[in-house]
Every structure is written in C-alpha cells, then in structure tokens.
Amino acid sequence: MAVLPIRTVGDPVLRTPTAVVTQFDAALARLVADMIDTMYAAPGVGLAAPQIGVGLRVFVFDVDYDPQDRAVPRVPLAVVNPTLTIIEDGEVQHGGEGCLSVPGLHYPTSRAMRAVVRGVDAAGEPVEYAGEGLRARCFQHEVDHLDGMLFLQRLTGEARVAAVRALREQPPLPGTRLTGTDRPGAVVDPLRALRRTGG
C-alpha cells in the first residue's frame, strides 16, 4: 500500500465529474487501500478518488478516527459508485468545514443534518451507511468531490468573500495554474471558478 500525493485546489481533476466503476479487480482493491493509507496519513476523515488524481466514483471514510488518540480503533470504510440521499426533515447543520485539497482553509458550510449513502464495496457487495452530524457532512462532502465540486463552491455571504480573499492572497499551491502569464498578481484559476459558481 502507498501514501499518495493529494491534489489541491486548482488541479482540473478536482473540477471533473468522475466515471462509474465497472471493474472490481485487484487494481480497484489497491486503489481503495492506497486511499485509506493516504487518508490516515493526511490526516483526514474522508478522501475521494479525485483527490489523488483518479477520476472514479470511489470514496473512503472513517469519521471516528482521531489521530491524537491511538485508543480509538481505525475502521475505514469504502463506497464505490455511491448515491447520496439527503434526509429532508428540514434540519440543517451549520459548522466549520475544511478539505485536504484546500489546505489550511476552513469555513462555515451548511449541510443537511442527516444523509444516507448507498453503493458497493471494493468487492462489488452492496453497502449502505446512514449518518448524522459529521458523518452526514462527510458523505455530502465526498460525493461533492465525485461530482467535481469543492466545498468552497457551497459557501455564501461573508464566508464566500473570505474564501475569495484567501485564494487571492495565498501563494499558488502545487498543481495550481495561473491564468494568462505566470506572473505575480495573476488571478488563480480556483479563484475565478469560485467567483463564477452560484450560491
């Protein structure tokens, strides 16, 4: 197994919707194992395949993992070809959200309080996970990745303004392309994309 580099904001793979997995083989099992190793090494509680440059509908998660407490067991789970169902009960959670692909930036992001994800595991066996709070937030965040969306695109109001400012002020991250010529002060692609997206 391997810890792989995580793609960061500005990489086109993060803005590209993923393809459905059709082959359940050793390569898929290796991908899932590498994603789990990468998630824990980051450390994070979820990771989608595009974040390591793979355009397939796969994500892994372990929201109970605590890198500060070795007594908490690691229980990584994988969902292949997930479908997300939001529990429409009107309850919304408002809380800080971050992303391994947007290092160092965290903003209040509204999400549904409860969600269910259904799909299959790396062997093609059906799986279904329900969750609320952080687990539901994780499901929504990772499925967004699979649809080519970063949490930044869901920001509104002051949080959105702060994100635009932070993306403008921070130096380009590895893999980030500058528009026009690569000169100081050029606008970074993710900033332009954030401005173009609604809500």
# chains A, B, ... in the order shown; residues from 1 in each chain; ligands from 1

$ closest_atom_pairs --of "stretch 51-150 of chain A" --to "stretch 27-46 of chain A" --cutoff "8 Å" --atoms "only C-alpha atoms" --output "JSON lines"
{"residue": "A:Ile52", "atom": "CA", "partner": "A:Met35", "partner_atom": "CA", "distance": 7.7}
{"residue": "A:Val58", "atom": "CA", "partner": "A:Val32", "partner_atom": "CA", "distance": 7.9}
{"residue": "A:Phe59", "atom": "CA", "partner": "A:Gly46", "partner_atom": "CA", "distance": 7.2}
{"residue": "A:Val60", "atom": "CA", "partner": "A:Gly46", "partner_atom": "CA", "distance": 5.6}
{"residue": "A:Phe61", "atom": "CA", "partner": "A:Gly46", "partner_atom": "CA", "distance": 4.0}
{"residue": "A:Asp62", "atom": "CA", "partner": "A:Val45", "partner_atom": "CA", "distance": 5.1}
{"residue": "A:Val63", "atom": "CA", "partner": "A:Val45", "partner_atom": "CA", "distance": 4.8}
{"residue": "A:Asp64", "atom": "CA", "partner": "A:Val45", "partner_atom": "CA", "distance": 7.6}
{"residue": "A:Tyr65", "atom": "CA", "partner": "A:Val45", "partner_atom": "CA", "distance": 6.6}
{"residue": "A:Pro67", "atom": "CA", "partner": "A:Pro43", "partner_atom": "CA", "distance": 7.0}
{"residue": "A:Pro76", "atom": "CA", "partner": "A:Ile36", "partner_atom": "CA", "distance": 6.8}
{"residue": "A:Ala78", "atom": "CA", "partner": "A:Val32", "partner_atom": "CA", "distance": 7.0}
{"residue": "A:Leu100", "atom": "CA", "partner": "A:Gly44", "partner_atom": "CA", "distance": 7.1}
{"residue": "A:Ala122", "atom": "CA", "partner": "A:Ala29", "partner_atom": "CA", "distance": 5.8}
{"residue": "A:Ala123", "atom": "CA", "partner": "A:Ala29", "partner_atom": "CA", "distance": 7.7}
{"residue": "A:Cys138", "atom": "CA", "partner": "A:Gly46", "partner_atom": "CA", "distance": 6.6}
{"residue": "A:Glu142", "atom": "CA", "partner": "A:Gly46", "partner_atom": "CA", "distance": 7.0}

$ select_by_dssp --residues "stretch 22-178 of chain A" --states "alpha helix (DSSP H)" --output "PyMOL selection string"
chain A and resi 26-41+134-146+157-169

$ write_last_selection --atoms "N, CA and C atoms" --output "compact mmCIF listing (two decimals), in the first residue's frame"
# COMPACT_ATOMS: atom_id res chain seq x y z
N ALA A 26 -8.22 -6.42 -8.74
CA ALA A 26 -7.10 -6.13 -7.84
C ALA A 26 -6.70 -4.67 -7.89
N ALA A 27 -6.83 -4.05 -9.07
CA ALA A 27 -6.46 -2.63 -9.20
C ALA A 27 -7.39 -1.76 -8.35
N LEU A 28 -8.67 -2.09 -8.33
CA LEU A 28 -9.61 -1.32 -7.50
C LEU A 28 -9.31 -1.54 -6.02
N ALA A 29 -9.04 -2.77 -5.63
CA ALA A 29 -8.71 -3.06 -4.24
C ALA A 29 -7.46 -2.30 -3.81
N ARG A 30 -6.48 -2.21 -4.70
CA ARG A 30 -5.24 -1.48 -4.40
C ARG A 30 -5.54 0.01 -4.29
N LEU A 31 -6.38 0.54 -5.18
CA LEU A 31 -6.76 1.95 -5.11
C LEU A 31 -7.39 2.26 -3.76
N VAL A 32 -8.34 1.44 -3.33
CA VAL A 32 -9.02 1.67 -2.06
C VAL A 32 -8.02 1.61 -0.90
N ALA A 33 -7.13 0.63 -0.92
CA ALA A 33 -6.13 0.52 0.15
C ALA A 33 -5.21 1.75 0.18
N ASP A 34 -4.80 2.21 -0.99
CA ASP A 34 -3.95 3.41 -1.06
C ASP A 34 -4.70 4.64 -0.57
N MET A 35 -5.97 4.74 -0.90
CA MET A 35 -6.77 5.87 -0.43
C MET A 35 -6.89 5.87 1.09
N ILE A 36 -7.08 4.69 1.66
CA ILE A 36 -7.18 4.59 3.12
C ILE A 36 -5.87 5.02 3.77
N ASP A 37 -4.75 4.52 3.25
CA ASP A 37 -3.44 4.91 3.79
C ASP A 37 -3.23 6.41 3.68
N THR A 38 -3.61 6.98 2.55
CA THR A 38 -3.43 8.42 2.31
C THR A 38 -4.32 9.24 3.24
N MET A 39 -5.56 8.79 3.44
CA MET A 39 -6.49 9.50 4.33
C MET A 39 -5.92 9.57 5.75
N TYR A 40 -5.45 8.43 6.26
CA TYR A 40 -4.93 8.42 7.62
C TYR A 40 -3.64 9.23 7.74
N ALA A 41 -2.80 9.18 6.72
CA ALA A 41 -1.53 9.90 6.78
C ALA A 41 -1.72 11.41 6.73
N LEU A 134 -21.41 14.93 11.74
CA LEU A 134 -20.16 14.84 10.98
C LEU A 134 -20.21 13.77 9.91
N ARG A 135 -20.82 12.63 10.23
CA ARG A 135 -20.87 11.54 9.24
C ARG A 135 -21.68 11.97 8.02
N ALA A 136 -22.82 12.62 8.23
CA ALA A 136 -23.63 13.10 7.12
C ALA A 136 -22.88 14.18 6.34
N ARG A 137 -22.17 15.05 7.05
CA ARG A 137 -21.38 16.08 6.39
C ARG A 137 -20.31 15.43 5.51
N CYS A 138 -19.66 14.40 6.03
CA CYS A 138 -18.63 13.69 5.27
C CYS A 138 -19.21 13.09 3.99
N PHE A 139 -20.35 12.43 4.09
CA PHE A 139 -20.98 11.84 2.90
C PHE A 139 -21.22 12.91 1.83
N GLN A 140 -21.78 14.04 2.26
CA GLN A 140 -22.11 15.11 1.31
C GLN A 140 -20.84 15.71 0.70
N HIS A 141 -19.83 15.90 1.52
CA HIS A 141 -18.56 16.47 1.07
C HIS A 141 -17.89 15.56 0.05
N GLU A 142 -17.82 14.26 0.35
CA GLU A 142 -17.12 13.33 -0.55
C GLU A 142 -17.89 13.12 -1.86
N VAL A 143 -19.19 13.04 -1.81
CA VAL A 143 -19.97 12.90 -3.05
C VAL A 143 -19.85 14.17 -3.89
N ASP A 144 -19.77 15.33 -3.24
CA ASP A 144 -19.48 16.56 -3.99
C ASP A 144 -18.19 16.40 -4.78
N HIS A 145 -17.15 15.88 -4.14
CA HIS A 145 -15.88 15.65 -4.84
C HIS A 145 -16.10 14.79 -6.09
N LEU A 146 -16.89 13.76 -5.96
CA LEU A 146 -17.12 12.85 -7.08
C LEU A 146 -17.89 13.53 -8.20
N GLY A 157 -22.26 34.39 1.33
CA GLY A 157 -22.07 35.55 2.19
C GLY A 157 -20.62 35.83 2.56
N GLU A 158 -20.39 36.13 3.84
CA GLU A 158 -19.06 36.51 4.31
C GLU A 158 -18.05 35.39 4.15
N ALA A 159 -18.50 34.14 4.31
CA ALA A 159 -17.58 33.01 4.15
C ALA A 159 -17.06 32.95 2.72
N ARG A 160 -17.93 33.20 1.77
CA ARG A 160 -17.51 33.19 0.36
C ARG A 160 -16.52 34.32 0.07
N VAL A 161 -16.80 35.50 0.62
CA VAL A 161 -15.90 36.64 0.44
C VAL A 161 -14.53 36.32 1.05
N ALA A 162 -14.53 35.71 2.24
CA ALA A 162 -13.27 35.36 2.90
C ALA A 162 -12.50 34.33 2.09
N ALA A 163 -13.20 33.37 1.50
CA ALA A 163 -12.52 32.35 0.70
C ALA A 163 -11.90 32.96 -0.55
N VAL A 164 -12.63 33.84 -1.21
CA VAL A 164 -12.10 34.51 -2.40
C VAL A 164 -10.84 35.29 -2.03
N ARG A 165 -10.90 36.00 -0.90
CA ARG A 165 -9.74 36.77 -0.45
C ARG A 165 -8.56 35.85 -0.13
N ALA A 166 -8.82 34.75 0.56
CA ALA A 166 -7.74 33.83 0.92
C ALA A 166 -7.10 33.20 -0.31
N LEU A 167 -7.90 32.84 -1.29
CA LEU A 167 -7.35 32.25 -2.50
C LEU A 167 -6.54 33.28 -3.28
N ARG A 168 -6.94 34.53 -3.20
CA ARG A 168 -6.20 35.58 -3.89
C ARG A 168 -4.86 35.83 -3.21
N GLU A 169 -4.85 35.77 -1.89
CA GLU A 169 -3.67 36.16 -1.13
C GLU A 169 -2.64 35.05 -0.96

$ select_by_dssp --residues "stretch 119-163 of chain A" --states "strand (DSSP E)" --output "ChimeraX atom specification"
/A:119-120,126-132

$ write_last_selection --atoms "all heavy atoms" --output "PDB file, in the first residue's frame"
ATOM      1  N   GLY A 119     -24.148   2.171  -2.117  1.00  0.00           N
ATOM      2  CA  GLY A 119     -23.273   1.805  -3.216  1.00  0.00           C
ATOM      3  C   GLY A 119     -22.812   0.381  -3.040  1.00  0.00           C
ATOM      4  O   GLY A 119     -23.571  -0.462  -2.547  1.00  0.00           O
ATOM      5  N   VAL A 120     -21.582   0.127  -3.424  1.00  0.00           N
ATOM      6  CA  VAL A 120     -20.988  -1.195  -3.227  1.00  0.00           C
ATOM      7  C   VAL A 120     -19.594  -1.004  -2.644  1.00  0.00           C
ATOM      8  O   VAL A 120     -19.038   0.088  -2.689  1.00  0.00           O
ATOM      9  CB  VAL A 120     -20.921  -2.004  -4.549  1.00  0.00           C
ATOM     10  CG1 VAL A 120     -22.324  -2.306  -5.069  1.00  0.00           C
ATOM     11  CG2 VAL A 120     -20.109  -1.262  -5.610  1.00  0.00           C
ATOM     12  N   PRO A 126     -23.102  -4.946  -1.998  1.00  0.00           N
ATOM     13  CA  PRO A 126     -23.872  -3.757  -1.622  1.00  0.00           C
ATOM     14  C   PRO A 126     -23.547  -3.261  -0.210  1.00  0.00           C
ATOM     15  O   PRO A 126     -23.350  -4.065   0.709  1.00  0.00           O
ATOM     16  CB  PRO A 126     -25.326  -4.241  -1.699  1.00  0.00           C
ATOM     17  CG  PRO A 126     -25.293  -5.436  -2.581  1.00  0.00           C
ATOM     18  CD  PRO A 126     -23.965  -6.087  -2.342  1.00  0.00           C
ATOM     19  N   VAL A 127     -23.474  -1.947  -0.074  1.00  0.00           N
ATOM     20  CA  VAL A 127     -23.284  -1.324   1.235  1.00  0.00           C
ATOM     21  C   VAL A 127     -24.240  -0.148   1.362  1.00  0.00           C
ATOM     22  O   VAL A 127     -24.638   0.454   0.363  1.00  0.00           O
ATOM     23  CB  VAL A 127     -21.829  -0.840   1.460  1.00  0.00           C
ATOM     24  CG1 VAL A 127     -20.862  -2.016   1.521  1.00  0.00           C
ATOM     25  CG2 VAL A 127     -21.407   0.156   0.392  1.00  0.00           C
ATOM     26  N   GLU A 128     -24.617   0.141   2.583  1.00  0.00           N
ATOM     27  CA  GLU A 128     -25.459   1.301   2.878  1.00  0.00           C
ATOM     28  C   GLU A 128     -25.049   1.843   4.235  1.00  0.00           C
ATOM     29  O   GLU A 128     -24.935   1.083   5.196  1.00  0.00           O
ATOM     30  CB  GLU A 128     -26.934   0.914   2.895  1.00  0.00           C
ATOM     31  CG  GLU A 128     -27.858   2.065   3.261  1.00  0.00           C
ATOM     32  CD  GLU A 128     -29.328   1.678   3.239  1.00  0.00           C
ATOM     33  OE1 GLU A 128     -29.724   0.900   2.346  1.00  0.00           O
ATOM     34  OE2 GLU A 128     -30.068   2.165   4.111  1.00  0.00           O
ATOM     35  N   TYR A 129     -24.807   3.153   4.293  1.00  0.00           N
ATOM     36  CA  TYR A 129     -24.422   3.797   5.548  1.00  0.00           C
ATOM     37  C   TYR A 129     -25.311   5.014   5.765  1.00  0.00           C
ATOM     38  O   TYR A 129     -25.515   5.814   4.844  1.00  0.00           O
ATOM     39  CB  TYR A 129     -22.962   4.235   5.509  1.00  0.00           C
ATOM     40  CG  TYR A 129     -22.006   3.095   5.246  1.00  0.00           C
ATOM     41  CD1 TYR A 129     -21.370   2.976   4.015  1.00  0.00           C
ATOM     42  CD2 TYR A 129     -21.761   2.126   6.224  1.00  0.00           C
ATOM     43  CE1 TYR A 129     -20.502   1.927   3.757  1.00  0.00           C
ATOM     44  CE2 TYR A 129     -20.904   1.068   5.971  1.00  0.00           C
ATOM     45  CZ  TYR A 129     -20.272   0.977   4.733  1.00  0.00           C
ATOM     46  OH  TYR A 129     -19.420  -0.072   4.481  1.00  0.00           O
ATOM     47  N   ALA A 130     -25.839   5.126   6.965  1.00  0.00           N
ATOM     48  CA  ALA A 130     -26.633   6.291   7.339  1.00  0.00           C
ATOM     49  C   ALA A 130     -25.843   7.073   8.373  1.00  0.00           C
ATOM     50  O   ALA A 130     -25.034   6.505   9.116  1.00  0.00           O
ATOM     51  CB  ALA A 130     -27.974   5.853   7.915  1.00  0.00           C
ATOM     52  N   GLY A 131     -26.066   8.372   8.403  1.00  0.00           N
ATOM     53  CA  GLY A 131     -25.340   9.151   9.387  1.00  0.00           C
ATOM     54  C   GLY A 131     -25.978  10.499   9.628  1.00  0.00           C
ATOM     55  O   GLY A 131     -26.801  10.973   8.844  1.00  0.00           O
ATOM     56  N   GLU A 132     -25.587  11.099  10.729  1.00  0.00           N
ATOM     57  CA  GLU A 132     -25.993  12.465  11.028  1.00  0.00           C
ATOM     58  C   GLU A 132     -24.784  13.220  11.533  1.00  0.00           C
ATOM     59  O   GLU A 132     -23.746  12.627  11.842  1.00  0.00           O
ATOM     60  CB  GLU A 132     -27.144  12.504  12.028  1.00  0.00           C
ATOM     61  CG  GLU A 132     -26.822  11.966  13.389  1.00  0.00           C
ATOM     62  CD  GLU A 132     -28.031  12.076  14.325  1.00  0.00           C
ATOM     63  OE1 GLU A 132     -29.097  11.529  14.005  1.00  0.00           O
ATOM     64  OE2 GLU A 132     -27.886  12.742  15.363  1.00  0.00           O
TER      65      GLU A 132
END

$ atom_distance --atom1 "atom CA of A:Gly53" --atom2 "atom CA of A:Ile6"
7.7 Å

$ atom_distance --atom1 "atom CA of A:Phe24" --atom2 "atom CA of A:Met149"
25.4 Å

$ atom_distance --atom1 "atom CA of A:Val79" --atom2 "atom CA of A:Phe151"
19.6 Å

$ closest_residue --among "A:Gly98, A:Ala112, A:Gly104, A:Arg7" --to "A:Ile86" --atoms "only C-alpha atoms"
A:Ala112

$ residues_around --residues "A:Thr109" --least-positions-apart "3" --cutoff "9 Å" --atoms "only C-alpha atoms" --output "compact mmCIF listing (two decimals) with N, CA and C atoms, in the first residue's frame"
# COMPACT_ATOMS: atom_id res chain seq x y z
N GLN A 93 -27.30 21.53 9.50
CA GLN A 93 -26.17 21.78 10.39
C GLN A 93 -25.31 22.89 9.80
N HIS A 94 -24.89 23.80 10.66
CA HIS A 94 -24.01 24.90 10.27
C HIS A 94 -22.72 24.73 11.06
N GLY A 95 -21.65 24.51 10.36
CA GLY A 95 -20.40 24.32 11.08
C GLY A 95 -19.22 24.48 10.16
N GLY A 96 -18.04 24.54 10.77
CA GLY A 96 -16.83 24.69 10.01
C GLY A 96 -16.54 23.45 9.18
N GLU A 97 -16.06 23.68 7.98
CA GLU A 97 -15.70 22.58 7.08
C GLU A 97 -14.38 22.91 6.42
N HIS A 106 -10.70 26.81 6.35
CA HIS A 106 -11.90 26.24 6.95
C HIS A 106 -12.96 27.33 7.01
N PHE A 151 -16.02 22.14 -1.55
CA PHE A 151 -16.90 22.78 -0.58
C PHE A 151 -16.90 24.30 -0.71
N LEU A 152 -15.81 24.87 -1.26
CA LEU A 152 -15.74 26.31 -1.47
C LEU A 152 -16.90 26.82 -2.32
N ARG A 154 -19.87 25.92 -2.24
CA ARG A 154 -21.12 25.96 -1.48
C ARG A 154 -21.17 27.13 -0.49
N LEU A 155 -20.09 27.89 -0.42
CA LEU A 155 -20.05 28.99 0.53
C LEU A 155 -20.92 30.15 0.07
N THR A 156 -21.43 30.88 1.04
CA THR A 156 -22.24 32.06 0.75
C THR A 156 -21.80 33.20 1.67
N ALA A 159 -18.50 34.14 4.31
CA ALA A 159 -17.58 33.01 4.15
C ALA A 159 -17.06 32.95 2.72

$ closest_residue --among "A:Ser110, A:Cys99, A:Asp121, A:Asn81" --to "A:Gly133" --atoms "only C-alpha atoms"
A:Ser110
